[in-house]
Amino acid sequence: MDLSIVIPLYNEAESLPELKAWIDRSLTGFSYEVIFVDDGSTDGSWEVIKEMADDGIRAIRFRRNYGKSAALYEGFAAAQGDIVVTMDADLQDSPEEIPEMVRMIREEGYDLVSGWKKKRKDNALTKNIPSKIYNWTARRVTGIKLHDMNCGLKAYKADVVKNIEVYGEMHRYIPYLAKNAGFDKIGEKPVQHQKRKYGKSKFGLDRFVHGMLDLMSLRFLSRFGRRPMHFFGTSGILMFLVGFVMTVWIIAAKLVAQANGSKFRAVTDQPLFYLALVALVLGVILFLAGFLGEMIARSSEGRNNYQIKERL
Ligand code: UDP
Ligand code: MG
């Protein structure tokens with residue numbers, strides 16, 4: 001089979017029939033399956049899917065709402081096509097872009113082609129502007145030159161989605177997960193974007209806070225996930241050294257003052273004493289975090305998961 005179209009959906013009942021018809025119109029000439037992942041909808045989306053069910057449709061229904069990443073994870077696991085495409089269910093993404101994305105993967109050798117909603121049809125204040133800032137940061141941190149990291153419309157070589165694990169809310173960073181797994185030929189295609197026709201957006205402004213926190217976590221994991229002590233140990237040593245130098249200074253100053261017979265303040269009267277105390281304690285805590293991190297890393301399942309490209 002050429003394509004698997006994975007569609008996560010949460011309360012998108014009105015959109016689904018139009019979406020399916022639009023996909024069928026756009027993908028003539030391809031063999032494909034459409035995989036709907038109903039993420040615990042409560043608006044009758046599942047009934048609509050059941051009514052549409054034919055040979056080309058597969059569907060998974062969650063018992064409750066887990067989030068877009070969970071839906072994508074199950075969709076990826078189920079996909080059987082050579083190329084896996086993801087798109088939103090709300091008719092904002094156009095399936096007419098898919099053939100060109102597929103061509104880029106097949107002929108230009110991309111591992112992953114991400115859509116770029118160049119003319120974005122969402123609220124400027126709550127979506128478009130924050131999204132620009134967010135994407136700029138994501139580019140700096142991940143080193144992936146995408147304008148629209150979190151675009152729902154993306155196409156992947158099957159290998160990519162079978163070798164990465166989307167979890168939490170990491171659907172925003174699939175290109176970064178792919179890059180960390182060694183799939184670094186990442187392309188971009190400007191895509192048409194529509195206004196939301198039915199229903200309402202499932203993500204509020206908290207997406208940006210969560211997004212930034214997740215970005216920090218991923219950056220940390222990709223650098224130190226397998227060797228946490230290198231991070232915590234280094235900062236621990238630095239902290240400890242700072243505290244140590246301050247302590248030596250306090251003692252030396254006191255001894256010198258004593259020897260000269262000049263007046264001196266009690267050690268506990270000096271601000272430096274407290275700073276030294278905090279620095280020393282922090283240093284020890286960081287080390288402890290490092291040891292704990294090492295124990296977690298050692299017992300983690302993925303500690304020896306490597307991406308092997310080829311064997312001979
Ligand atoms: N979605 C989902 N589970 C959720 C939230 C959203 O499967 O918990 C789906 C949603 O139905 C849609 C896609 O993820 O197909 C993108 O969501 P939305 O259109 O609300 O995001 P926006 O376009 O506003 O960024
Ligand atoms: Mg949408």
# chains A, B, ... in the order shown; residues from 1 in each chain; ligands from 1
$ closest_atom_pairs --of "chain A" --to "ligand 2" --cutoff "12 Å" --atoms "only C-alpha atoms and all ligand atoms" --output "CSV"
residue,atom,partner,partner_atom_place_in_ligand_line,distance
A:Ile7,CA,ligand 2,1 (Mg),11.8
A:Pro8,CA,ligand 2,1 (Mg),11.0
A:Leu9,CA,ligand 2,1 (Mg),10.0
A:Tyr10,CA,ligand 2,1 (Mg),10.7
A:Asn11,CA,ligand 2,1 (Mg),11.7
A:Glu12,CA,ligand 2,1 (Mg),10.1
A:Ser15,CA,ligand 2,1 (Mg),11.2
A:Lys68,CA,ligand 2,1 (Mg),11.6
A:Met87,CA,ligand 2,1 (Mg),9.6
A:Asp88,CA,ligand 2,1 (Mg),6.3
A:Ala89,CA,ligand 2,1 (Mg),7.6
A:Asp90,CA,ligand 2,1 (Mg),5.5
A:Leu91,CA,ligand 2,1 (Mg),7.6
A:Gln92,CA,ligand 2,1 (Mg),5.6
A:Asp93,CA,ligand 2,1 (Mg),7.8
A:Ser94,CA,ligand 2,1 (Mg),11.5
A:Lys117,CA,ligand 2,1 (Mg),11.3
A:Arg120,CA,ligand 2,1 (Mg),10.7
A:Lys121,CA,ligand 2,1 (Mg),9.6
A:Asp122,CA,ligand 2,1 (Mg),8.5
A:Asn123,CA,ligand 2,1 (Mg),11.3
A:Lys127,CA,ligand 2,1 (Mg),10.8
A:Asn150,CA,ligand 2,1 (Mg),11.1
A:Cys151,CA,ligand 2,1 (Mg),9.5
A:Gly152,CA,ligand 2,1 (Mg),8.1
A:Leu153,CA,ligand 2,1 (Mg),10.5
A:His193,CA,ligand 2,1 (Mg),9.5
A:Gln194,CA,ligand 2,1 (Mg),8.8
A:Lys195,CA,ligand 2,1 (Mg),8.2
A:Arg196,CA,ligand 2,1 (Mg),6.3
A:Lys197,CA,ligand 2,1 (Mg),9.4
A:Tyr198,CA,ligand 2,1 (Mg),9.9
A:Gly199,CA,ligand 2,1 (Mg),9.4
A:Lys200,CA,ligand 2,1 (Mg),7.9
A:Ser201,CA,ligand 2,1 (Mg),5.8
A:Lys202,CA,ligand 2,1 (Mg),7.7
A:Phe203,CA,ligand 2,1 (Mg),8.8
A:Gly204,CA,ligand 2,1 (Mg),11.5
$ write_last_selection --atoms "C-alpha atoms" --output "compact mmCIF listing (two decimals), in the first residue's frame"
# COMPACT_ATOMS: atom_id res chain seq x y z
CA ILE A 7 -6.28 11.39 11.32
CA PRO A 8 -6.53 12.12 15.06
CA LEU A 9 -9.92 13.54 15.96
CA TYR A 10 -11.72 14.75 19.01
CA ASN A 11 -15.31 15.91 18.55
CA GLU A 12 -15.17 16.58 14.82
CA SER A 15 -16.26 17.52 9.41
CA LYS A 68 -3.40 14.27 20.06
CA MET A 87 -3.58 15.52 9.00
CA ASP A 88 -6.10 17.22 11.26
CA ALA A 89 -9.74 16.22 11.03
CA ASP A 90 -11.18 19.72 11.05
CA LEU A 91 -10.88 20.47 7.30
CA GLN A 92 -8.17 23.06 7.99
CA ASP A 93 -5.53 20.96 6.25
CA SER A 94 -5.96 20.27 2.54
CA LYS A 117 0.73 27.08 6.92
CA ARG A 120 -2.54 30.87 8.40
CA LYS A 121 -6.30 31.20 8.79
CA ASP A 122 -6.52 31.35 12.55
CA ASN A 123 -6.92 34.09 15.11
CA LYS A 127 -2.49 31.70 17.40
CA ASN A 150 3.57 21.89 14.74
CA CYS A 151 1.69 21.73 11.42
CA GLY A 152 -0.79 18.85 11.55
CA LEU A 153 -0.19 17.98 7.92
CA HIS A 193 -4.84 26.43 5.19
CA GLN A 194 -8.57 26.83 5.73
CA LYS A 195 -10.59 28.52 8.44
CA ARG A 196 -12.14 26.09 10.85
CA LYS A 197 -15.58 25.32 9.42
CA TYR A 198 -17.21 23.29 12.18
CA GLY A 199 -16.58 22.75 15.86
CA LYS A 200 -13.91 24.62 17.77
CA SER A 201 -10.19 24.51 18.42
CA LYS A 202 -9.07 22.06 21.08
CA PHE A 203 -5.99 23.96 22.16
CA GLY A 204 -5.89 27.18 24.15
$ select_by_dssp --residues "segment 135-260 of chain A" --states "strand (DSSP E)" --output "list in words"
Lys154, Ala155, Tyr156, Lys157, Ile186, Gly187, Glu188, Lys189 and Pro190 of chain A
$ residues_around --residues "Leu27 of chain A" --least-positions-apart "5" --cutoff "9 Å" --atoms "only C-alpha atoms" --output "PDB file with all heavy atoms, in the first residue's frame"
ATOM      1  N   TRP A  22     -13.118  14.520   0.448  1.00  0.00           N
ATOM      2  CA  TRP A  22     -12.057  15.387  -0.061  1.00  0.00           C
ATOM      3  C   TRP A  22     -10.769  14.572  -0.246  1.00  0.00           C
ATOM      4  O   TRP A  22     -10.057  14.724  -1.247  1.00  0.00           O
ATOM      5  CB  TRP A  22     -11.849  16.532   0.929  1.00  0.00           C
ATOM      6  CG  TRP A  22     -11.064  17.698   0.414  1.00  0.00           C
ATOM      7  CD1 TRP A  22     -10.631  17.908  -0.856  1.00  0.00           C
ATOM      8  CD2 TRP A  22     -10.626  18.825   1.187  1.00  0.00           C
ATOM      9  NE1 TRP A  22      -9.948  19.089  -0.950  1.00  0.00           N
ATOM     10  CE2 TRP A  22      -9.927  19.679   0.298  1.00  0.00           C
ATOM     11  CE3 TRP A  22     -10.750  19.191   2.524  1.00  0.00           C
ATOM     12  CZ2 TRP A  22      -9.358  20.878   0.728  1.00  0.00           C
ATOM     13  CZ3 TRP A  22     -10.184  20.389   2.937  1.00  0.00           C
ATOM     14  CH2 TRP A  22      -9.500  21.225   2.047  1.00  0.00           C
ATOM     15  N   TYR A  32      -4.386   3.573  -0.751  1.00  0.00           N
ATOM     16  CA  TYR A  32      -4.226   4.172   0.577  1.00  0.00           C
ATOM     17  C   TYR A  32      -5.278   3.674   1.541  1.00  0.00           C
ATOM     18  O   TYR A  32      -6.328   3.157   1.160  1.00  0.00           O
ATOM     19  CB  TYR A  32      -4.299   5.696   0.479  1.00  0.00           C
ATOM     20  CG  TYR A  32      -5.596   6.217  -0.069  1.00  0.00           C
ATOM     21  CD1 TYR A  32      -6.638   6.569   0.783  1.00  0.00           C
ATOM     22  CD2 TYR A  32      -5.783   6.352  -1.438  1.00  0.00           C
ATOM     23  CE1 TYR A  32      -7.838   7.038   0.281  1.00  0.00           C
ATOM     24  CE2 TYR A  32      -6.975   6.821  -1.946  1.00  0.00           C
ATOM     25  CZ  TYR A  32      -7.993   7.163  -1.096  1.00  0.00           C
ATOM     26  OH  TYR A  32      -9.184   7.615  -1.601  1.00  0.00           O
ATOM     27  N   PRO A  95      -6.029  17.939   1.814  1.00  0.00           N
ATOM     28  CA  PRO A  95      -5.411  16.706   1.323  1.00  0.00           C
ATOM     29  C   PRO A  95      -4.847  16.846  -0.082  1.00  0.00           C
ATOM     30  O   PRO A  95      -4.080  15.987  -0.531  1.00  0.00           O
ATOM     31  CB  PRO A  95      -6.561  15.689   1.364  1.00  0.00           C
ATOM     32  CG  PRO A  95      -7.807  16.481   1.441  1.00  0.00           C
ATOM     33  CD  PRO A  95      -7.466  17.789   2.080  1.00  0.00           C
ATOM     34  N   GLU A  96      -5.208  17.956  -0.758  1.00  0.00           N
ATOM     35  CA  GLU A  96      -4.666  18.141  -2.108  1.00  0.00           C
ATOM     36  C   GLU A  96      -3.157  18.355  -2.086  1.00  0.00           C
ATOM     37  O   GLU A  96      -2.487  18.278  -3.105  1.00  0.00           O
ATOM     38  CB  GLU A  96      -5.345  19.344  -2.788  1.00  0.00           C
ATOM     39  CG  GLU A  96      -6.777  19.042  -3.199  1.00  0.00           C
ATOM     40  CD  GLU A  96      -7.624  20.300  -3.368  1.00  0.00           C
ATOM     41  OE1 GLU A  96      -7.069  21.313  -3.836  1.00  0.00           O
ATOM     42  OE2 GLU A  96      -8.816  20.257  -3.005  1.00  0.00           O
ATOM     43  N   ILE A  98      -1.138  16.461  -0.455  1.00  0.00           N
ATOM     44  CA  ILE A  98      -0.462  15.194  -0.176  1.00  0.00           C
ATOM     45  C   ILE A  98       0.361  14.660  -1.359  1.00  0.00           C
ATOM     46  O   ILE A  98       1.519  14.278  -1.172  1.00  0.00           O
ATOM     47  CB  ILE A  98      -1.475  14.141   0.336  1.00  0.00           C
ATOM     48  CG1 ILE A  98      -2.047  14.606   1.683  1.00  0.00           C
ATOM     49  CG2 ILE A  98      -0.815  12.776   0.485  1.00  0.00           C
ATOM     50  CD1 ILE A  98      -3.148  13.725   2.234  1.00  0.00           C
ATOM     51  N   PRO A  99      -0.207  14.653  -2.590  1.00  0.00           N
ATOM     52  CA  PRO A  99       0.598  14.072  -3.694  1.00  0.00           C
ATOM     53  C   PRO A  99       1.977  14.713  -3.843  1.00  0.00           C
ATOM     54  O   PRO A  99       2.967  14.014  -4.038  1.00  0.00           O
ATOM     55  CB  PRO A  99      -0.278  14.345  -4.918  1.00  0.00           C
ATOM     56  CG  PRO A  99      -1.673  14.357  -4.390  1.00  0.00           C
ATOM     57  CD  PRO A  99      -1.573  14.983  -3.035  1.00  0.00           C
TER      58      PRO A  99
END
$ closest_residue --among "A:Ile144, A:Ile83, A:Met52, A:Leu205" --to "ligand 1" --atoms "only C-alpha atoms and all ligand atoms"
A:Leu205
$ select_by_dssp --residues "segment 105-249 of chain A" --states "helix (DSSP H, G or I)" --output "ChimeraX atom specification"
/A:105-108,124-142,158-162,170-180,206-224,228-249
$ atom_distance --atom1 "atom CA of Met295 of chain A" --atom2 "atom CA of Met229 of chain A"
9.9 Å
$ residues_around --residues "segment 74-80 of chain A" --least-positions-apart "6" --cutoff "6 Å" --atoms "only C-alpha atoms" --output "MDAnalysis selection string"
chainID A and resid 4 6 161
$ residues_around --residues "Ser31 of chain A" --least-positions-apart "2" --cutoff "8 Å" --atoms "only C-alpha atoms" --output "number ranges by chain"
A: 1-3, 29, 33
$ closest_atom_pairs --of "segment 140-163 of chain A" --to "segment 219-228 of chain A" --cutoff "12 Å" --atoms "only C-alpha atoms" --output "tab-separated table"
residue	atom	partner	partner_atom	distance
A:Arg140	CA	A:Arg219	CA	10.9
A:Val141	CA	A:Arg219	CA	7.2
A:Thr142	CA	A:Arg219	CA	7.3
A:Gly143	CA	A:Arg219	CA	10.6
$ write_last_selection --atoms "N, CA, C and O atoms" --output "JSON list (two decimals), in the first residue's frame"
[["chain", "number", "residue", "atom", "x", "y", "z"],
["A", 140, "ARG", "N", 15.73, 27.66, 16.85],
["A", 140, "ARG", "CA", 17.01, 27.89, 17.52],
["A", 140, "ARG", "C", 17.41, 26.68, 18.36],
["A", 140, "ARG", "O", 18.57, 26.26, 18.36],
["A", 141, "VAL", "N", 16.47, 26.14, 19.08],
["A", 141, "VAL", "CA", 16.79, 25.07, 20.01],
["A", 141, "VAL", "C", 17.05, 23.74, 19.31],
["A", 141, "VAL", "O", 17.97, 23.01, 19.65],
["A", 142, "THR", "N", 16.22, 23.43, 18.32],
["A", 142, "THR", "CA", 16.33, 22.11, 17.69],
["A", 142, "THR", "C", 17.30, 22.10, 16.51],
["A", 142, "THR", "O", 17.75, 21.04, 16.10],
["A", 143, "GLY", "N", 17.57, 23.29, 15.96],
["A", 143, "GLY", "CA", 18.43, 23.33, 14.78],
["A", 143, "GLY", "C", 17.75, 22.83, 13.52],
["A", 143, "GLY", "O", 18.40, 22.60, 12.51]]
